[in-house]
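> Contents of my_file27.pdb (PDB, C-alpha atoms) are given next:
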```
ATOM      1  CA  MET B   1      89.797 -93.463  50.063
ATOM      2  CA  LYS B   2      92.153 -90.699  51.219
ATOM      3  CA  VAL B   3      92.618 -88.002  48.565
ATOM      4  CA  LEU B   4      93.809 -84.422  48.256
ATOM      5  CA  MET B   5      91.038 -82.137  47.001
ATOM      6  CA  VAL B   6      92.079 -79.014  45.094
ATOM      7  CA  GLN B   7      89.289 -76.486  44.512
ATOM      8  CA  PRO B   8      89.587 -73.243  42.546
ATOM      9  CA  GLY B   9      90.634 -70.351  44.766
ATOM     10  CA  GLU B  10      91.156 -72.617  47.799
ATOM     11  CA  ILE B  11      94.066 -74.220  49.627
ATOM     12  CA  PRO B  12      94.129 -78.009  49.004
ATOM     13  CA  HIS B  13      92.830 -80.240  51.774
ATOM     14  CA  GLU B  14      92.864 -83.939  52.517
ATOM     15  CA  THR B  15      89.509 -85.673  52.565
ATOM     16  CA  ASP B  16      88.011 -89.153  52.465
ATOM     17  CA  ILE B  17      85.715 -90.262  49.669
ATOM     18  CA  GLU B  18      84.157 -93.624  48.907
ATOM     19  CA  PRO B  19      86.116 -95.587  46.309
ATOM     20  CA  GLY B  20      84.480 -95.981  42.920
ATOM     21  CA  LEU B  21      83.436 -94.084  39.837
ATOM     22  CA  GLU B  22      80.306 -92.472  41.296
ATOM     23  CA  SER B  23      82.193 -90.895  44.208
ATOM     24  CA  LEU B  24      84.916 -89.572  41.915
ATOM     25  CA  GLN B  25      82.317 -88.091  39.564
ATOM     26  CA  ALA B  26      80.483 -86.462  42.471
ATOM     27  CA  ALA B  27      83.729 -84.922  43.760
ATOM     28  CA  VAL B  28      84.561 -83.277  40.397
ATOM     29  CA  ASP B  29      80.939 -82.622  39.433
ATOM     30  CA  GLY B  30      80.846 -84.632  36.209
ATOM     31  CA  PRO B  31      82.535 -87.269  34.065
ATOM     32  CA  ILE B  32      86.102 -87.938  35.133
ATOM     33  CA  GLN B  33      89.398 -87.801  33.346
ATOM     34  CA  ALA B  34      92.612 -89.145  34.866
ATOM     35  CA  VAL B  35      95.799 -87.209  34.148
ATOM     36  CA  TYR B  36      99.264 -88.582  34.932
ATOM     37  CA  PRO B  37     101.695 -85.642  34.701
ATOM     38  CA  TYR B  38     104.113 -86.839  37.392
ATOM     39  CA  GLU B  39     106.516 -89.716  37.934
ATOM     40  CA  ASP B  40     105.001 -90.272  41.380
ATOM     41  CA  PRO B  41     102.369 -93.037  41.734
ATOM     42  CA  VAL B  42      99.514 -90.504  41.595
ATOM     43  CA  ALA B  43      96.775 -89.414  39.234
ATOM     44  CA  LEU B  44      94.930 -86.131  38.995
ATOM     45  CA  ILE B  45      91.208 -86.783  38.636
ATOM     46  CA  CYS B  46      89.368 -83.874  37.033
ATOM     47  CA  ASN B  47      86.129 -83.155  35.210
ATOM     48  CA  GLU B  48      86.651 -84.332  31.640
ATOM     49  CA  GLU B  49      84.399 -81.548  30.328
ATOM     50  CA  GLY B  50      85.626 -78.835  32.707
ATOM     51  CA  LYS B  51      87.093 -76.471  30.130
ATOM     52  CA  CYS B  52      84.338 -76.805  27.548
ATOM     53  CA  CYS B  53      81.650 -76.425  30.247
ATOM     54  CA  GLY B  54      83.235 -73.215  31.516
ATOM     55  CA  LEU B  55      84.299 -74.417  34.948
ATOM     56  CA  GLU B  56      86.542 -71.971  36.790
ATOM     57  CA  LEU B  57      90.223 -72.367  35.934
ATOM     58  CA  ASN B  58      92.007 -73.893  38.902
ATOM     59  CA  ARG B  59      95.720 -74.718  38.647
ATOM     60  CA  ALA B  60      98.253 -74.795  35.832
ATOM     61  CA  LEU B  61     100.452 -77.807  35.174
ATOM     62  CA  TYR B  62     104.094 -76.929  34.582
ATOM     63  CA  GLN B  63     106.983 -78.573  32.776
ATOM     64  CA  ASN B  64     110.446 -77.043  33.055
ATOM     65  CA  GLY B  65     108.877 -74.059  34.814
ATOM     66  CA  LYS B  66     106.474 -73.271  31.961
ATOM     67  CA  PRO B  67     102.728 -73.907  31.983
ATOM     68  CA  TYR B  68     101.522 -76.426  29.425
ATOM     69  CA  ASP B  69      97.931 -77.046  30.560
ATOM     70  CA  ILE B  70      95.355 -75.747  33.029
ATOM     71  CA  ILE B  71      92.893 -77.833  35.012
ATOM     72  CA  ALA B  72      89.393 -76.373  35.199
ATOM     73  CA  GLY B  73      87.176 -77.071  38.199
ATOM     74  CA  THR B  74      87.849 -79.121  41.301
ATOM     75  CA  PHE B  75      90.352 -81.950  40.978
ATOM     76  CA  LEU B  76      91.615 -84.740  43.197
ATOM     77  CA  VAL B  77      95.106 -86.105  43.688
ATOM     78  CA  VAL B  78      94.761 -89.846  44.268
ATOM     79  CA  GLY B  79      97.164 -92.719  44.755
ATOM     80  CA  LEU B  80      97.683 -95.464  42.203
ATOM     81  CA  SER B  81      97.821 -99.187  42.755
ATOM     82  CA  ALA B  82      98.565-101.818  40.109
ATOM     83  CA  GLU B  83      94.920-101.890  39.038
ATOM     84  CA  ASP B  84      93.004 -98.913  40.401
ATOM     85  CA  PHE B  85      92.977 -95.593  42.231
ATOM     86  CA  THR B  86      93.785 -95.881  45.919
ATOM     87  CA  ASP B  87      94.627 -93.906  49.058
ATOM     88  CA  LEU B  88      97.117 -91.119  48.581
ATOM     89  CA  ARG B  89     100.282 -91.821  50.569
ATOM     90  CA  GLU B  90     100.995 -89.299  53.355
ATOM     91  CA  GLU B  91     104.284 -88.189  51.789
ATOM     92  CA  ASP B  92     102.541 -87.624  48.438
ATOM     93  CA  ALA B  93      99.712 -85.721  50.140
ATOM     94  CA  ALA B  94     102.258 -83.412  51.795
ATOM     95  CA  TYR B  95     104.212 -82.907  48.561
ATOM     96  CA  PHE B  96     101.167 -82.118  46.410
ATOM     97  CA  GLU B  97      99.575 -79.920  49.088
ATOM     98  CA  LYS B  98     102.732 -77.813  48.958
ATOM     99  CA  LEU B  99     102.859 -77.901  45.133
ATOM    100  CA  PHE B 100      99.234 -76.759  44.752
ATOM    101  CA  HIS B 101      99.075 -74.720  47.984
ATOM    102  CA  SER B 102      98.707 -71.277  46.435
ATOM    103  CA  PRO B 103      95.585 -70.751  44.330
ATOM    104  CA  GLU B 104      96.198 -69.241  40.905
ATOM    105  CA  LYS B 105      94.404 -66.494  38.958
ATOM    106  CA  PHE B 106      94.284 -66.483  35.184
ATOM    107  CA  LYS B 107      93.912 -63.313  33.089
ATOM    108  CA  TYR B 108      94.503 -62.406  29.481
ATOM    109  CA  PHE B 109      96.616 -59.293  28.986
ATOM    110  CA  ALA B 110      97.775 -58.038  25.594
ATOM    111  CA  GLY B 111      96.818 -61.363  24.008
ATOM    112  CA  ARG B 112      98.806 -63.448  26.476
ATOM    113  CA  LEU B 113      97.695 -65.561  29.392
ATOM    114  CA  VAL B 114      99.054 -64.284  32.701
ATOM    115  CA  ILE B 115      99.086 -66.659  35.664
ATOM    116  CA  SER B 116      99.509 -65.239  39.154
ATOM    117  CA  LYS B 117      99.677 -66.954  42.521
ATOM    118  CA  VAL B 118      97.221 -65.800  45.159
ATOM    119  CA  VAL B 119      99.064 -65.064  48.390
ATOM    120  CA  SER B 120      96.942 -65.201  51.533
ATOM    121  CA  GLY B 121      97.566 -63.369  54.764
ATOM    122  CA  GLY B 122      99.136 -59.994  55.096
ATOM    123  CA  ALA B 123     100.010 -57.345  57.592
TER     124      ALA B 123
END
```
What does this structure look like when you write it as structure tokens?


Amino acid sequence: MKVLMVQPGEIPHETDIEPGLESLQAAVDGPIQAVYPYEDPVALICNEEGKCCGLELNRALYQNGKPYDIIAGTFLVVGLSAEDFTDLREEDAAYFEKLFHSPEKFKYFAGRLVISKVVSGGA
């Protein structure tokens, strides 16, 4: 199954995994949770216990430009069929690679969470 893998501190990359629960659990290192924050036919598959187990914070989810949740640990962007998870369409892979391209850092400052994008490269 073609998916987009998003790891903390890394640029997303397309990869193939075997379909099925065991492969999804192996990819996110634990029990899975599916999140559906977008209108697109995609799901984000993450570790259900990621935050409580102290996995590294990965990417924030935004609504109207404001963060409302943060995914901890590695997550996958997968396609959706009528009954199951499926291959991610090429156009969705390109869109979500761009959306999640820049890794994010999370710090508390003066009692507030500050989210900053990590920009690679330089002069």

> Name the residues captured by the PyMOL selection byres ((chain B and resi 106) around 10) when it is applied to the shown file; answer as a compact mmCIF listing (two decimals) with C-alpha atoms, in the coordinates of the input.


```txt
# COMPACT_ATOMS: atom_id res chain seq x y z
CA GLU B 56 86.54 -71.97 36.79
CA LEU B 57 90.22 -72.37 35.93
CA ASN B 58 92.01 -73.89 38.90
CA ARG B 59 95.72 -74.72 38.65
CA ALA B 60 98.25 -74.80 35.83
CA ILE B 70 95.36 -75.75 33.03
CA GLU B 104 96.20 -69.24 40.90
CA LYS B 105 94.40 -66.49 38.96
CA LYS B 107 93.91 -63.31 33.09
CA TYR B 108 94.50 -62.41 29.48
CA PHE B 109 96.62 -59.29 28.99
CA LEU B 113 97.70 -65.56 29.39
CA VAL B 114 99.05 -64.28 32.70
CA ILE B 115 99.09 -66.66 35.66
CA SER B 116 99.51 -65.24 39.15
CA LYS B 117 99.68 -66.95 42.52
```

> Could you list, as a ChimeraX atom specification, every residue matched by the PyMOL selection byres ((chain B and resi 27) around 8) in this structure?

/B:23-26,28-29,74-76

> Have a look at atom CA of Ile45 of chain B and atom CA of Ile32 of chain B and let me know their distance in Å, one decimal.

6.3 Å

> Using only C-alpha atoms, which of the listed residues (B:Val118, B:Leu21, B:Leu88, B:Ala72) sits closest to His101 of chain B?

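That would be B:Val118, the residue with the smallest distance to His101 of chain B.
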
> Please, what distance in Å, to one decimal, runs between atom CA of Met1 of chain B and atom CA of Gln63 of chain B?

28.6 Å

> With all atoms listed in the file as the counted atoms, please give the residues lying no more than 9 Å from Pro41 of chain B, apart from itself and same-chain residues fewer than 3 positions off, as a count of residues only.

8

> Please write as a ChimeraX atom specification the full residue list that the PyMOL selection byres ((chain B and resi 93-97) around 10) yields on this file.

/B:2-6,11-14,42,77-79,87-92,98-102

> Take the residues that were just selected and, keeping C-alpha atoms, output them as a PDB file, in the frame of the given file.


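result.pdb was written with the following content:
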```pdb
ATOM      1  CA  LYS B   2      92.153 -90.699  51.219  1.00  0.00           C
ATOM      2  CA  VAL B   3      92.618 -88.002  48.565  1.00  0.00           C
ATOM      3  CA  LEU B   4      93.809 -84.422  48.256  1.00  0.00           C
ATOM      4  CA  MET B   5      91.038 -82.137  47.001  1.00  0.00           C
ATOM      5  CA  VAL B   6      92.079 -79.014  45.094  1.00  0.00           C
ATOM      6  CA  ILE B  11      94.066 -74.220  49.627  1.00  0.00           C
ATOM      7  CA  PRO B  12      94.129 -78.009  49.004  1.00  0.00           C
ATOM      8  CA  HIS B  13      92.830 -80.240  51.774  1.00  0.00           C
ATOM      9  CA  GLU B  14      92.864 -83.939  52.517  1.00  0.00           C
ATOM     10  CA  VAL B  42      99.514 -90.504  41.595  1.00  0.00           C
ATOM     11  CA  VAL B  77      95.106 -86.105  43.688  1.00  0.00           C
ATOM     12  CA  VAL B  78      94.761 -89.846  44.268  1.00  0.00           C
ATOM     13  CA  GLY B  79      97.164 -92.719  44.755  1.00  0.00           C
ATOM     14  CA  ASP B  87      94.627 -93.906  49.058  1.00  0.00           C
ATOM     15  CA  LEU B  88      97.117 -91.119  48.581  1.00  0.00           C
ATOM     16  CA  ARG B  89     100.282 -91.821  50.569  1.00  0.00           C
ATOM     17  CA  GLU B  90     100.995 -89.299  53.355  1.00  0.00           C
ATOM     18  CA  GLU B  91     104.284 -88.189  51.789  1.00  0.00           C
ATOM     19  CA  ASP B  92     102.541 -87.624  48.438  1.00  0.00           C
ATOM     20  CA  LYS B  98     102.732 -77.813  48.958  1.00  0.00           C
ATOM     21  CA  LEU B  99     102.859 -77.901  45.133  1.00  0.00           C
ATOM     22  CA  PHE B 100      99.234 -76.759  44.752  1.00  0.00           C
ATOM     23  CA  HIS B 101      99.075 -74.720  47.984  1.00  0.00           C
ATOM     24  CA  SER B 102      98.707 -71.277  46.435  1.00  0.00           C
TER      25      SER B 102
END
```

> What are the centre and the three edge lengths of an axis-aligned box that wraps all atoms of segment 10-20 of chain B in the file, given that 8 Å is added to every side, written as AutoDock Vina command-line options and rounded to one decimal in Å?


```
--center_x 89.1 --center_y -84.3 --center_z 47.7 --size_x 26.0 --size_y 39.4 --size_z 25.6
```

> Between B:Ala43, B:Ala34, B:Ala82, B:Ile71, which residue has the minimum interatomic distance to Leu55 of chain B, considering only C-alpha atoms?

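Result for the nearest residue to Leu55 of chain B: B:Ile71.
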
> Would you compute the distance between atom CA of Gly30 of chain B and atom CA of Cys52 of chain B? Give it in Å to one decimal.

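These atoms are spaced 12.2 Å apart.
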
> Find the residue from B:Pro67, B:Pro8, B:Gly20, B:Gly73 that sits nearest to Cys46 of chain B; use only C-alpha atoms when measuring.

B:Gly73

> Rebuild segment 95-106 of chain B to all heavy atoms - output it as a tab-separated table (two decimals), in the frame of the given file, please.


```
chain	number	residue	atom	x	y	z
B	95	TYR	N	103.52	-83.48	49.72
B	95	TYR	CA	104.21	-82.91	48.56
B	95	TYR	C	103.24	-82.14	47.66
B	95	TYR	O	103.51	-81.00	47.27
B	95	TYR	CB	104.92	-84.01	47.76
B	95	TYR	CG	105.53	-83.49	46.48
B	95	TYR	CD1	106.76	-82.85	46.50
B	95	TYR	CD2	104.86	-83.62	45.26
B	95	TYR	CE1	107.31	-82.34	45.33
B	95	TYR	CE2	105.42	-83.12	44.09
B	95	TYR	CZ	106.64	-82.49	44.13
B	95	TYR	OH	107.18	-81.98	42.98
B	96	PHE	N	102.10	-82.76	47.33
B	96	PHE	CA	101.17	-82.12	46.41
B	96	PHE	C	100.37	-80.99	47.08
B	96	PHE	O	99.96	-80.05	46.41
B	96	PHE	CB	100.27	-83.15	45.73
B	96	PHE	CG	101.03	-83.95	44.71
B	96	PHE	CD1	101.51	-85.20	45.00
B	96	PHE	CD2	101.33	-83.39	43.48
B	96	PHE	CE1	102.25	-85.92	44.07
B	96	PHE	CE2	102.08	-84.08	42.54
B	96	PHE	CZ	102.54	-85.35	42.84
B	97	GLU	N	100.19	-81.05	48.38
B	97	GLU	CA	99.58	-79.92	49.09
B	97	GLU	C	100.49	-78.71	48.95
B	97	GLU	O	100.03	-77.60	48.67
B	97	GLU	CB	99.33	-80.24	50.56
B	97	GLU	CG	98.43	-79.25	51.28
B	97	GLU	CD	99.06	-77.90	51.57
B	97	GLU	OE1	100.28	-77.83	51.82
B	97	GLU	OE2	98.34	-76.88	51.55
B	98	LYS	N	101.78	-78.92	49.10
B	98	LYS	CA	102.73	-77.81	48.96
B	98	LYS	C	102.79	-77.33	47.50
B	98	LYS	O	102.80	-76.12	47.25
B	98	LYS	CB	104.12	-78.27	49.43
B	98	LYS	CG	105.15	-77.18	49.41
B	98	LYS	CD	106.48	-77.66	49.98
B	98	LYS	CE	107.49	-76.55	49.94
B	98	LYS	NZ	108.80	-76.96	50.46
B	99	LEU	N	102.78	-78.26	46.55
B	99	LEU	CA	102.86	-77.90	45.13
B	99	LEU	C	101.65	-77.06	44.70
B	99	LEU	O	101.80	-76.08	43.98
B	99	LEU	CB	102.94	-79.17	44.28
B	99	LEU	CG	103.05	-78.95	42.77
B	99	LEU	CD1	104.39	-78.31	42.41
B	99	LEU	CD2	102.88	-80.27	42.03
B	100	PHE	N	100.47	-77.44	45.15
B	100	PHE	CA	99.23	-76.76	44.75
B	100	PHE	C	98.71	-75.79	45.82
B	100	PHE	O	97.59	-75.32	45.73
B	100	PHE	CB	98.14	-77.78	44.42
B	100	PHE	CG	98.46	-78.63	43.22
B	100	PHE	CD1	98.49	-80.01	43.33
B	100	PHE	CD2	98.71	-78.06	41.99
B	100	PHE	CE1	98.75	-80.82	42.23
B	100	PHE	CE2	98.98	-78.85	40.87
B	100	PHE	CZ	99.00	-80.23	41.00
B	101	HIS	N	99.53	-75.50	46.83
B	101	HIS	CA	99.08	-74.72	47.98
B	101	HIS	C	98.48	-73.36	47.60
B	101	HIS	O	97.42	-72.98	48.10
B	101	HIS	CB	100.20	-74.53	49.00
B	101	HIS	CG	99.76	-73.83	50.24
B	101	HIS	ND1	99.07	-74.48	51.24
B	101	HIS	CD2	99.88	-72.54	50.62
B	101	HIS	CE1	98.79	-73.61	52.20
B	101	HIS	NE2	99.26	-72.43	51.86
B	102	SER	N	99.17	-72.62	46.77
B	102	SER	CA	98.71	-71.28	46.44
B	102	SER	C	97.73	-71.32	45.26
B	102	SER	O	98.10	-71.76	44.17
B	102	SER	CB	99.89	-70.38	46.06
B	102	SER	OG	100.73	-70.21	47.19
B	103	PRO	N	96.52	-70.85	45.46
B	103	PRO	CA	95.58	-70.75	44.33
B	103	PRO	C	96.17	-69.85	43.25
B	103	PRO	O	97.02	-68.99	43.52
B	103	PRO	CB	94.34	-70.13	44.95
B	103	PRO	CG	94.43	-70.45	46.41
B	103	PRO	CD	95.90	-70.43	46.72
B	104	GLU	N	95.72	-70.04	42.02
B	104	GLU	CA	96.20	-69.24	40.90
B	104	GLU	C	95.04	-68.48	40.26
B	104	GLU	O	93.91	-68.95	40.25
B	104	GLU	CB	96.87	-70.13	39.85
B	104	GLU	CG	98.14	-70.78	40.37
B	104	GLU	CD	98.77	-71.74	39.38
B	104	GLU	OE1	98.04	-72.50	38.72
B	104	GLU	OE2	100.01	-71.73	39.29
B	105	LYS	N	95.36	-67.31	39.73
B	105	LYS	CA	94.40	-66.49	38.96
B	105	LYS	C	94.90	-66.46	37.52
B	105	LYS	O	96.11	-66.41	37.28
B	105	LYS	CB	94.32	-65.08	39.52
B	105	LYS	CG	93.72	-65.01	40.89
B	105	LYS	CD	92.50	-64.16	40.85
B	105	LYS	CE	91.96	-64.05	42.27
B	105	LYS	NZ	90.58	-64.17	42.34
B	106	PHE	N	93.96	-66.45	36.60
B	106	PHE	CA	94.28	-66.48	35.18
B	106	PHE	C	93.62	-65.30	34.50
B	106	PHE	O	92.42	-65.11	34.61
B	106	PHE	CB	93.79	-67.80	34.56
B	106	PHE	CG	94.34	-69.01	35.25
B	106	PHE	CD1	93.69	-69.56	36.34
B	106	PHE	CD2	95.51	-69.61	34.82
B	106	PHE	CE1	94.20	-70.68	37.00
B	106	PHE	CE2	96.03	-70.72	35.46
B	106	PHE	CZ	95.37	-71.25	36.56
```
